[in-house]
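Trainee: Below is final_34.cif; it holds mmCIF, C-alpha atoms and all ligand atoms.
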```cif
data_coords
#
loop_
_atom_site.label_atom_id
_atom_site.label_comp_id
_atom_site.auth_asym_id
_atom_site.auth_seq_id
_atom_site.Cartn_x
_atom_site.Cartn_y
_atom_site.Cartn_z
CA MET A 10 -19.73 27.54 -0.79
CA PRO A 11 -17.65 29.32 1.87
CA PRO A 12 -15.84 27.04 4.31
CA LEU A 13 -17.99 26.58 7.40
CA THR A 14 -15.13 25.65 9.71
CA THR A 15 -11.48 26.51 10.07
CA PRO A 16 -9.04 23.62 9.52
CA ASP A 17 -8.56 21.80 12.81
CA ALA A 18 -6.12 18.88 12.98
CA THR A 19 -7.72 17.68 16.22
CA ALA A 20 -10.88 16.79 14.30
CA LEU A 21 -8.96 13.89 12.75
CA LEU A 22 -8.34 10.66 14.64
CA GLY A 23 -4.93 10.93 16.26
CA VAL A 24 -3.29 7.98 14.50
CA TYR A 25 -0.90 10.22 12.56
CA ALA A 26 1.69 12.62 13.98
CA ARG A 27 1.13 15.32 11.35
CA VAL A 28 3.79 17.99 11.08
CA GLY A 29 4.73 21.08 9.15
CA PRO A 30 2.67 23.60 7.24
CA LEU A 31 -0.79 23.32 5.74
CA PHE A 32 -0.30 22.44 2.07
CA VAL A 33 -2.69 24.06 -0.36
CA ALA A 34 -1.32 23.27 -3.83
CA GLY A 35 1.21 21.27 -5.79
CA GLU A 36 3.11 21.73 -8.99
CA GLY A 37 5.64 19.40 -10.58
CA SER A 38 7.94 18.16 -7.80
CA GLU A 39 6.94 20.85 -5.33
CA LEU A 40 4.27 21.25 -2.67
CA ILE A 41 3.11 24.78 -1.89
CA ALA A 42 2.21 25.83 1.65
CA GLU A 43 -0.46 28.28 2.78
CA ASP A 44 2.10 31.11 3.03
CA GLY A 45 3.38 30.42 -0.51
CA THR A 46 6.57 28.60 0.53
CA ARG A 47 7.55 25.85 -1.91
CA TYR A 48 8.80 22.51 -0.63
CA LEU A 49 10.82 20.22 -2.86
CA ASP A 50 9.09 16.87 -2.45
CA PHE A 51 11.22 13.72 -2.17
CA VAL A 52 8.23 11.96 -0.58
CA ALA A 53 5.63 12.19 -3.37
CA GLY A 54 2.79 11.15 -1.08
CA ILE A 55 4.90 8.11 -0.07
CA ALA A 56 5.78 6.92 -3.57
CA VAL A 57 2.27 7.65 -4.83
CA ASN A 58 2.61 10.75 -7.01
CA ALA A 59 4.79 9.17 -9.70
CA LEU A 60 3.90 11.95 -12.14
CA GLY A 61 4.30 14.67 -9.50
CA TYR A 62 1.64 17.33 -9.03
CA ASN A 63 -0.70 18.72 -11.67
CA HIS A 64 0.81 16.63 -14.49
CA PRO A 65 -1.05 17.20 -17.78
CA VAL A 66 -1.57 13.46 -18.35
CA PHE A 67 -3.27 13.13 -14.96
CA ARG A 68 -5.31 16.33 -15.33
CA ASP A 69 -6.53 15.42 -18.81
CA ALA A 70 -7.37 11.88 -17.74
CA VAL A 71 -9.38 13.13 -14.77
CA LEU A 72 -11.30 15.67 -16.87
CA ARG A 73 -12.03 13.17 -19.62
CA ALA A 74 -13.12 10.53 -17.12
CA LEU A 75 -15.50 13.06 -15.52
CA GLU A 76 -16.98 13.99 -18.87
CA SER A 77 -18.09 10.40 -19.43
CA GLY A 78 -20.41 10.86 -16.45
CA LEU A 79 -19.30 7.51 -15.02
CA VAL A 80 -17.52 7.62 -11.71
CA HIS A 81 -18.89 4.46 -10.16
CA VAL A 82 -21.02 1.78 -11.75
CA SER A 83 -20.49 -1.38 -9.61
CA ASN A 84 -18.72 -4.57 -10.45
CA LEU A 85 -22.13 -6.07 -11.22
CA TYR A 86 -21.75 -4.54 -14.69
CA ARG A 87 -19.13 -4.13 -17.40
CA THR A 88 -17.28 -0.88 -18.01
CA GLU A 89 -14.47 -0.26 -20.43
CA PRO A 90 -11.57 1.35 -18.51
CA GLY A 91 -11.07 -1.47 -16.00
CA GLU A 92 -11.07 -4.13 -18.73
CA ARG A 93 -8.43 -2.24 -20.70
CA LEU A 94 -6.34 -1.56 -17.61
CA ALA A 95 -6.47 -5.21 -16.57
CA ALA A 96 -5.37 -6.37 -20.02
CA GLU A 97 -2.46 -3.93 -20.17
CA LEU A 98 -1.23 -4.60 -16.63
CA THR A 99 -1.34 -8.37 -16.97
CA SER A 100 0.34 -8.32 -20.39
CA HIS A 101 3.25 -6.49 -18.79
CA ALA A 102 3.26 -8.77 -15.74
CA PHE A 103 3.08 -12.32 -17.09
CA PRO A 104 4.52 -13.91 -20.22
CA SER A 105 1.21 -15.72 -20.77
CA GLY A 106 -2.08 -14.19 -19.79
CA GLY A 107 -3.23 -13.60 -16.27
CA GLN A 108 -6.06 -11.56 -14.78
CA ALA A 109 -6.42 -8.53 -12.52
CA PHE A 110 -8.52 -7.86 -9.44
CA PHE A 111 -8.88 -4.17 -8.58
CA CYS A 112 -9.27 -2.80 -5.09
CA ASN A 113 -8.54 0.42 -3.23
CA SER A 114 -5.25 0.16 -1.36
CA GLY A 115 -2.07 -1.82 -0.89
CA ALA A 116 -3.20 -3.60 2.25
CA GLU A 117 -6.43 -4.59 0.54
CA ALA A 118 -4.47 -5.95 -2.43
CA ASN A 119 -2.37 -8.14 -0.12
CA GLU A 120 -5.43 -9.37 1.80
CA GLY A 121 -6.95 -10.37 -1.53
CA ALA A 122 -3.76 -12.07 -2.68
CA PHE A 123 -3.70 -14.18 0.51
CA LYS A 124 -7.28 -15.30 -0.09
CA PHE A 125 -6.49 -16.16 -3.72
CA ALA A 126 -3.43 -18.14 -2.62
CA ARG A 127 -5.49 -20.11 -0.11
CA LYS A 128 -8.22 -20.91 -2.62
CA TRP A 129 -5.75 -21.94 -5.31
CA SER A 130 -3.37 -23.92 -3.08
CA GLN A 131 -5.94 -25.38 -0.65
CA LYS A 132 -3.38 -24.63 2.06
CA THR A 133 -3.37 -22.03 4.82
CA GLU A 134 0.06 -20.85 5.98
CA ILE A 135 1.84 -17.66 4.96
CA VAL A 136 5.59 -16.92 4.97
CA ALA A 137 6.90 -13.33 5.06
CA PHE A 138 10.32 -11.81 5.82
CA SER A 139 12.07 -9.64 8.37
CA GLY A 140 11.87 -5.95 7.55
CA SER A 141 8.66 -6.46 5.60
CA PHE A 142 5.74 -4.06 5.35
CA HIS A 143 2.55 -5.33 3.75
CA GLY A 144 -0.15 -3.10 5.27
CA ARG A 145 -2.23 -2.53 8.39
CA LEU A 146 -5.22 -4.88 8.07
CA PHE A 147 -5.35 -8.19 9.89
CA ALA A 148 -3.61 -10.58 7.51
CA SER A 149 -1.34 -7.95 5.99
CA LEU A 150 -0.35 -6.78 9.49
CA ALA A 151 0.40 -10.38 10.49
CA ALA A 152 2.85 -10.47 7.56
CA THR A 153 4.40 -7.12 8.55
CA ASP A 154 7.56 -7.23 10.65
CA ARG A 155 6.93 -4.17 12.85
CA PRO A 156 6.36 -5.10 16.52
CA ASP A 157 5.13 -1.58 17.36
CA TYR A 158 2.44 -1.77 14.67
CA ARG A 159 1.41 -5.32 15.64
CA ARG A 160 1.48 -5.51 19.42
CA PRO A 161 -1.64 -3.44 20.29
CA PHE A 162 -3.78 -5.54 17.93
CA GLU A 163 -2.77 -9.09 18.77
CA PRO A 164 -3.81 -11.82 18.28
CA LEU A 165 -3.31 -11.34 14.54
CA LEU A 166 -4.00 -13.93 11.86
CA ALA A 167 -2.49 -17.29 12.89
CA GLY A 168 -0.19 -19.33 10.67
CA VAL A 169 2.00 -16.46 9.45
CA GLN A 170 5.75 -16.88 9.91
CA ILE A 171 8.35 -14.15 9.56
CA VAL A 172 11.68 -15.53 8.33
CA PRO A 173 15.02 -13.65 8.27
CA LEU A 174 15.36 -11.91 4.89
CA GLY A 175 18.04 -13.52 2.75
CA ASP A 176 18.48 -16.58 5.00
CA GLU A 177 18.27 -19.45 2.53
CA ASP A 178 18.26 -22.23 5.12
CA ALA A 179 15.52 -20.59 7.16
CA ALA A 180 13.42 -20.04 4.02
CA SER A 181 13.91 -23.68 2.97
CA ARG A 182 12.73 -24.84 6.41
CA ALA A 183 9.77 -22.43 6.61
CA ILE A 184 8.29 -23.05 3.16
CA THR A 185 6.61 -26.48 3.25
CA GLU A 186 3.68 -28.30 1.71
CA ARG A 187 1.49 -26.41 4.22
CA THR A 188 2.48 -23.02 2.77
CA ALA A 189 -0.25 -21.23 0.81
CA ALA A 190 1.70 -18.04 0.09
CA VAL A 191 5.16 -16.54 0.30
CA ILE A 192 5.07 -12.74 0.20
CA ILE A 193 8.04 -10.46 -0.35
CA GLU A 194 8.82 -6.94 -1.52
CA PRO A 195 11.55 -7.28 -4.20
CA VAL A 196 12.83 -3.96 -2.87
CA GLN A 197 11.73 -3.46 0.71
CA GLY A 198 10.35 0.03 1.33
CA GLU A 199 9.25 0.87 4.89
CA GLY A 200 11.73 -1.66 6.30
CA GLY A 201 14.74 0.40 5.22
CA VAL A 202 14.94 0.41 1.38
CA ARG A 203 16.58 -2.95 0.80
CA PRO A 204 16.84 -4.53 -2.66
CA VAL A 205 16.50 -8.29 -2.21
CA PRO A 206 19.23 -10.33 -3.97
CA ALA A 207 18.04 -11.99 -7.19
CA GLU A 208 19.34 -15.38 -5.97
CA PHE A 209 17.07 -15.22 -2.93
CA LEU A 210 14.01 -14.49 -5.05
CA ALA A 211 15.00 -17.35 -7.37
CA LEU A 212 15.22 -19.70 -4.36
CA LEU A 213 11.74 -18.62 -3.23
CA ARG A 214 10.45 -19.31 -6.75
CA GLU A 215 11.95 -22.80 -6.58
CA LEU A 216 10.58 -23.51 -3.09
CA CYS A 217 7.10 -22.30 -4.06
CA ASP A 218 7.11 -24.48 -7.19
CA LYS A 219 8.23 -27.49 -5.17
CA ASN A 220 5.60 -27.04 -2.47
CA GLY A 221 2.65 -25.80 -4.50
CA SER A 222 2.73 -22.37 -2.79
CA ALA A 223 1.94 -19.04 -4.41
CA LEU A 224 4.78 -16.53 -4.69
CA ILE A 225 3.47 -12.98 -4.17
CA PHE A 226 5.62 -9.99 -5.03
CA ASP A 227 4.35 -6.97 -3.12
CA GLU A 228 5.29 -4.19 -5.52
CA VAL A 229 2.95 -1.67 -3.90
CA GLN A 230 5.92 0.64 -3.34
CA CYS A 231 8.73 -0.58 -5.62
CA GLY A 232 6.51 -1.33 -8.64
CA LEU A 233 5.20 0.72 -11.56
CA GLY A 234 8.45 2.31 -12.67
CA ARG A 235 9.82 3.31 -9.27
CA THR A 236 13.05 1.31 -9.73
CA GLY A 237 13.41 2.04 -13.47
CA THR A 238 11.53 -0.99 -14.81
CA LEU A 239 7.75 -1.39 -14.76
CA PHE A 240 8.08 -4.13 -12.13
CA ALA A 241 11.12 -4.12 -9.85
CA ALA A 242 11.37 -7.92 -10.12
CA GLU A 243 12.09 -7.67 -13.86
CA GLN A 244 15.61 -6.66 -12.83
CA MET A 245 15.92 -9.82 -10.73
CA GLY A 246 14.63 -12.12 -13.49
CA VAL A 247 12.02 -13.89 -11.34
CA VAL A 248 8.30 -14.02 -12.17
CA PRO A 249 5.85 -14.41 -9.25
CA ASP A 250 2.39 -15.98 -9.29
CA MET A 251 0.85 -12.69 -8.16
CA TYR A 252 1.86 -9.07 -8.04
CA THR A 253 0.20 -6.63 -5.67
CA LEU A 254 0.17 -2.97 -6.67
CA ALA A 255 -1.27 0.24 -5.30
CA LYS A 256 0.53 3.44 -4.36
CA PRO A 257 1.18 5.07 -7.78
CA LEU A 258 -1.42 3.09 -9.72
CA GLY A 259 -4.14 5.76 -9.75
CA GLY A 260 -1.73 8.68 -10.12
CA GLY A 261 -2.84 9.83 -6.64
CA LEU A 262 -6.38 8.43 -6.68
CA PRO A 263 -6.86 5.47 -4.33
CA MET A 264 -6.46 2.23 -6.22
CA GLY A 265 -4.90 -1.19 -5.69
CA ALA A 266 -4.58 -4.30 -7.83
CA VAL A 267 -3.76 -7.98 -7.57
CA LEU A 268 -2.37 -9.41 -10.80
CA VAL A 269 -2.66 -13.19 -10.87
CA ASN A 270 -1.33 -15.72 -13.34
CA ASP A 271 -3.64 -18.03 -15.25
CA ALA A 272 -3.36 -20.93 -12.81
CA ILE A 273 -4.50 -18.82 -9.88
CA ALA A 274 -7.16 -17.10 -11.99
CA ALA A 275 -8.60 -20.53 -12.83
CA ALA A 276 -9.12 -21.28 -9.12
CA LEU A 277 -11.34 -18.23 -8.52
CA ALA A 278 -15.06 -18.10 -9.25
CA PRO A 279 -17.88 -15.54 -8.89
CA GLY A 280 -18.53 -14.81 -5.23
CA ASP A 281 -15.03 -15.67 -3.99
CA HIS A 282 -14.01 -12.06 -3.40
CA ALA A 283 -15.36 -8.55 -3.99
CA THR A 284 -15.07 -4.89 -3.13
CA THR A 285 -17.65 -2.21 -3.88
CA PHE A 286 -15.41 0.49 -5.32
CA GLY A 287 -12.67 -1.67 -6.87
CA GLY A 288 -11.63 -0.64 -10.36
CA GLY A 289 -14.51 1.74 -11.01
CA PRO A 290 -14.48 3.48 -14.40
CA PHE A 291 -13.18 6.81 -13.08
CA VAL A 292 -10.08 5.56 -11.25
CA ALA A 293 -9.41 2.90 -13.87
CA ALA A 294 -9.50 5.43 -16.73
CA VAL A 295 -7.01 7.64 -14.91
CA ALA A 296 -4.82 4.66 -13.97
CA LEU A 297 -4.76 3.54 -17.60
CA ASP A 298 -3.26 6.85 -18.74
CA VAL A 299 -0.81 6.87 -15.81
CA LEU A 300 0.25 3.31 -16.68
CA ARG A 301 0.70 4.12 -20.37
CA THR A 302 2.88 7.10 -19.45
CA ILE A 303 5.06 5.16 -17.01
CA ALA A 304 5.34 2.00 -19.14
CA GLU A 305 6.70 4.01 -22.09
CA PRO A 306 10.28 2.65 -22.66
CA ASP A 307 11.70 6.19 -22.88
CA PHE A 308 10.08 7.14 -19.57
CA LEU A 309 11.54 4.09 -17.83
CA ALA A 310 14.97 4.64 -19.42
CA GLU A 311 14.92 8.19 -18.06
CA VAL A 312 14.09 6.92 -14.54
CA ARG A 313 17.05 4.51 -14.79
CA SER A 314 19.36 7.20 -16.07
CA LYS A 315 18.34 9.73 -13.38
CA GLY A 316 18.63 6.93 -10.82
CA GLU A 317 22.18 6.05 -11.86
CA TRP A 318 23.19 9.69 -11.71
CA PHE A 319 21.48 10.13 -8.32
CA SER A 320 23.14 7.01 -6.93
CA GLN A 321 26.55 8.55 -7.68
CA ARG A 322 25.43 11.83 -6.11
CA LEU A 323 24.30 9.99 -2.96
CA ASN A 324 27.52 8.00 -2.81
CA ARG A 325 29.43 11.28 -2.81
CA LEU A 326 27.20 12.40 0.04
CA VAL A 327 28.01 9.17 1.91
CA ALA A 328 31.73 9.71 1.36
CA GLY A 329 31.43 13.30 2.65
CA SER A 330 29.44 12.63 5.83
CA ALA A 331 30.51 10.65 8.87
CA ARG A 332 26.84 10.36 9.81
CA VAL A 333 25.84 8.28 6.76
CA ARG A 334 26.84 4.64 6.52
CA GLU A 335 25.55 3.75 3.06
CA ALA A 336 23.12 4.56 0.24
CA ARG A 337 20.91 1.68 -0.95
CA GLY A 338 18.36 1.60 -3.71
CA ARG A 339 17.38 1.33 -7.35
CA GLY A 340 16.00 3.86 -9.81
CA LEU A 341 14.32 6.61 -7.81
CA MET A 342 13.89 4.64 -4.58
CA TRP A 343 16.75 5.31 -2.16
CA GLY A 344 17.61 4.88 1.49
CA LEU A 345 20.43 6.51 3.41
CA GLU A 346 21.44 4.34 6.37
CA LEU A 347 22.58 6.65 9.16
CA ASN A 348 24.70 5.95 12.21
CA ASP A 349 21.99 7.48 14.39
CA VAL A 350 18.27 8.25 14.33
CA ALA A 351 16.78 9.60 11.13
CA ALA A 352 13.78 11.61 12.41
CA PRO A 353 15.77 14.77 13.33
CA VAL A 354 17.27 14.80 9.82
CA VAL A 355 13.78 14.69 8.31
CA ALA A 356 12.77 17.67 10.48
CA ALA A 357 15.94 19.64 9.64
CA ALA A 358 15.44 19.01 5.92
CA ARG A 359 11.84 20.20 6.18
CA GLU A 360 13.04 23.44 7.78
CA ARG A 361 15.08 23.90 4.62
CA HIS A 362 12.00 23.16 2.51
CA LEU A 363 12.93 19.64 1.49
CA LEU A 364 10.53 16.79 2.30
CA VAL A 365 12.05 13.34 2.93
CA LEU A 366 10.81 10.27 4.82
CA THR A 367 12.20 7.75 7.23
CA ALA A 368 12.17 4.00 6.60
CA GLY A 369 12.63 2.53 10.06
CA PRO A 370 14.55 4.31 12.83
CA THR A 371 17.88 4.98 11.11
CA VAL A 372 17.11 5.27 7.40
CA ILE A 373 16.24 8.38 5.36
CA ARG A 374 13.97 7.37 2.47
CA ILE A 375 13.86 9.23 -0.84
CA VAL A 376 11.01 8.45 -3.27
CA PRO A 377 10.48 11.58 -5.40
CA PRO A 378 8.12 11.92 -8.35
CA LEU A 379 9.50 9.86 -11.26
CA THR A 380 9.21 13.03 -13.36
CA ILE A 381 11.68 14.94 -11.14
CA SER A 382 14.50 16.78 -12.94
CA ARG A 383 18.22 16.30 -12.36
CA ASP A 384 18.41 19.91 -11.13
CA GLU A 385 15.78 19.18 -8.51
CA LEU A 386 17.55 15.97 -7.46
CA GLU A 387 20.78 17.95 -7.14
CA ARG A 388 19.03 20.69 -5.13
CA GLY A 389 17.61 18.14 -2.71
CA ALA A 390 20.89 16.24 -2.40
CA THR A 391 22.68 19.51 -1.57
CA ILE A 392 20.17 20.27 1.19
CA LEU A 393 20.56 16.74 2.58
CA ALA A 394 24.37 17.07 2.48
CA GLU A 395 24.12 20.34 4.46
CA VAL A 396 21.77 18.81 7.00
CA LEU A 397 24.01 15.74 7.40
CA ALA A 398 27.30 17.69 7.51
C1 LIG B 401 2.33 1.18 1.53
C2 LIG B 401 2.53 -0.28 1.37
C3 LIG B 401 1.50 -1.19 1.59
C4 LIG B 401 0.16 -0.77 2.15
O1 LIG B 401 -0.51 0.06 1.28
P1 LIG B 401 -1.79 0.90 1.81
O2 LIG B 401 -2.35 1.50 0.55
O3 LIG B 401 -1.27 1.91 2.77
O4 LIG B 401 -2.70 -0.06 2.45
C5 LIG B 401 1.73 -2.53 1.35
N1 LIG B 401 2.92 -2.95 0.91
C6 LIG B 401 3.94 -2.11 0.67
C7 LIG B 401 5.22 -2.63 0.15
C8 LIG B 401 3.79 -0.74 0.91
O5 LIG B 401 4.81 0.10 0.71
#
```
Please rewrite the model in this file as structure tokens.
Mentor:
Amino acid sequence: MPPLTTPDATALLGVYARVGPLFVAGEGSELIAEDGTRYLDFVAGIAVNALGYNHPVFRDAVLRALESGLVHVSNLYRTEPGERLAAELTSHAFPSGGQAFFCNSGAEANEGAFKFARKWSQKTEIVAFSGSFHGRLFASLAATDRPDYRRPFEPLLAGVQIVPLGDEDAASRAITERTAAVIIEPVQGEGGVRPVPAEFLALLRELCDKNGSALIFDEVQCGLGRTGTLFAAEQMGVVPDMYTLAKPLGGGLPMGAVLVNDAIAAALAPGDHATTFGGGPFVAAVALDVLRTIAEPDFLAEVRSKGEWFSQRLNRLVAGSARVREARGRGLMWGLELNDVAAPVVAAARERHLLVLTAGPTVIRIVPPLTISRDELERGATILAEVLA
């Protein structure tokens, strides 16, 4: 079928400030524009395309899943891929058992986790932290510390407190016997790429245990290999009651998940929650192959090794530029804190065919495909160093 219309950005609701060329293809760690120009991609669809573009594992999984003829069946019935995916994810997540609920996005995963926490705890309040990002729906937005995202939509969900990140006294005061859920990103993403100290997560674990509150680790961005371990929190040695996942889970297909431990699973019954598309056989089959690829110990070791090398490269960049204050991150999730605004740096990098993101006003965020090569990391770091010189 020939295209009936020419592409027109004004046909889309103006909630995004889209920039740059029209992308028509992708390969490895590069996006290819209409005129054939290749862009080195340190964005990866915002930490979604963990295997980059056109990866054989993803392609084969998609083709095989199509051949089964099952794309959507409904959660009224059993299908195989979702059951396998749930078993594999939960066995990685919890020392003993657990169950998975599949949905379609990160915000939806967090909304579900809040409902599960309320049902299990029989309490209502939620505690989140400064710099947090948990999504754009009503409860997830209430737990998101971005005044510009919140203000036009107030009043948001009541009973959600935002506590200064890392402030132990404030956390001890805020988490009480009325707290249903405490939600935190073990490495904050949108809020500026901030790894949370292990001691702080351990304190939250203790406070949640004491008060009968559910500890939720939002690993939508930092999870699934991004920091060099399957879950970022593994490196901090703290196990939550629930993990929320999304971005890379479907290898680029929309998919989210809430992984819950056995105690929370036991509090949920048929009818408590649902979503039409969640965990359908097509996305789940693809996610299963993506998960198996990422969870491979050699794959994760390679992410850690590239990450260590890249951290040294970025620290050299920091030392060589008066405009950069520090590099923060883990694995292949990095932020460069600048002394001034980050948006012009993103634009200048794009002019040199490197895609990077911001994370708040003064941070450059780097979340490339986990499959990126050292040469490509070096090429991107060189462009950034030039732009920041
Ligand atoms: C992106 C993100 C979300 C929201 O995910 P959506 O799929 O955009 O709804 C939630 N939490 C974190 C940590 C994220 O990075």
Trainee: List the spatial neighbours of Thr302 in chain A as a list in words - criterion: any atom at most 12 Å away, all atoms listed in the file, same-chain residues fewer than 2 positions off excluded.
Mentor: Ala59, Leu60, His64, Pro65, Val66, Phe67, Ala70, Leu233, Gly234, Leu239, Pro257, Leu258, Gly260, Val295, Ala296, Leu297, Asp298, Val299, Leu300, Ala304, Glu305, Pro306, Asp307, Phe308, Leu309, Leu379 and Thr380 of chain A
Trainee: Keeping only C-alpha atoms, write the selected residues to a file as a compact mmCIF listing (two decimals), in the frame of the given file.
Mentor:
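Final output, saved to out22.txt:
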```txt
# COMPACT_ATOMS: atom_id res chain seq x y z
CA ALA A 59 4.79 9.17 -9.70
CA LEU A 60 3.90 11.95 -12.14
CA HIS A 64 0.81 16.63 -14.49
CA PRO A 65 -1.05 17.20 -17.78
CA VAL A 66 -1.57 13.46 -18.35
CA PHE A 67 -3.27 13.13 -14.96
CA ALA A 70 -7.37 11.88 -17.74
CA LEU A 233 5.20 0.72 -11.56
CA GLY A 234 8.45 2.31 -12.67
CA LEU A 239 7.75 -1.39 -14.76
CA PRO A 257 1.18 5.07 -7.78
CA LEU A 258 -1.42 3.09 -9.72
CA GLY A 260 -1.73 8.68 -10.12
CA VAL A 295 -7.01 7.64 -14.91
CA ALA A 296 -4.82 4.66 -13.97
CA LEU A 297 -4.76 3.54 -17.60
CA ASP A 298 -3.26 6.85 -18.74
CA VAL A 299 -0.81 6.87 -15.81
CA LEU A 300 0.25 3.31 -16.68
CA ALA A 304 5.34 2.00 -19.14
CA GLU A 305 6.70 4.01 -22.09
CA PRO A 306 10.28 2.65 -22.66
CA ASP A 307 11.70 6.19 -22.88
CA PHE A 308 10.08 7.14 -19.57
CA LEU A 309 11.54 4.09 -17.83
CA LEU A 379 9.50 9.86 -11.26
CA THR A 380 9.21 13.03 -13.36
```
Trainee: Skip range 381-390 of chain A itself and residues of its chain fewer than 5 positions away, then list as an NGL selection string all residues within 9 Å of it, counting only C-alpha atoms.
Mentor: :A and (37-38 or 49-51 or 60-61 or 315 or 318-319 or 322-323 or 326 or 358 or 363-364 or 395)
Trainee: Could you tell me, counting only C-alpha atoms and all ligand atoms, which protein and nucleic acid residues lie no more than 7 Å from ligand LIG 401 (chain B), written as a PyMOL selection string?
Mentor: chain A and resi 114-117+142-145+194+197-199+227-230+255-256
Trainee: What does the distance between CA of Asn270 in chain A and CA of Ala74 in chain A come to in Å, to one decimal place?
Mentor: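 It comes out at 29.0 Å.
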Trainee: Which residues, written as a count of residues only, have at least one atom at most 12 Å from Ala242 in chain A, with only C-alpha atoms counted and residues fewer than 4 positions away on the same chain left out?
Mentor: 36
Trainee: Could you check how far CA of Val350 in chain A sits from CA of Val202 in chain A, in Å to one decimal?
Mentor: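 According to the coordinates, CA of Val350 in chain A and CA of Val202 in chain A are separated by 15.5 Å.
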Trainee: For Phe111 in chain A, which residue among A:Leu213, A:Ala148, A:Ala293, A:Ala241 is the nearest when counting all atoms listed in the file?
Mentor: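 Going through A:Leu213, A:Ala148, A:Ala293, A:Ala241 one by one, the smallest distance to Phe111 in chain A is for A:Ala293.
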Trainee: Pick from A:Val24, A:Ala18, A:Ala310, A:Leu262: nearest to Gly288 in chain A, with only C-alpha atoms counted?
Mentor: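 Result for the nearest residue to Gly288 in chain A: A:Leu262.
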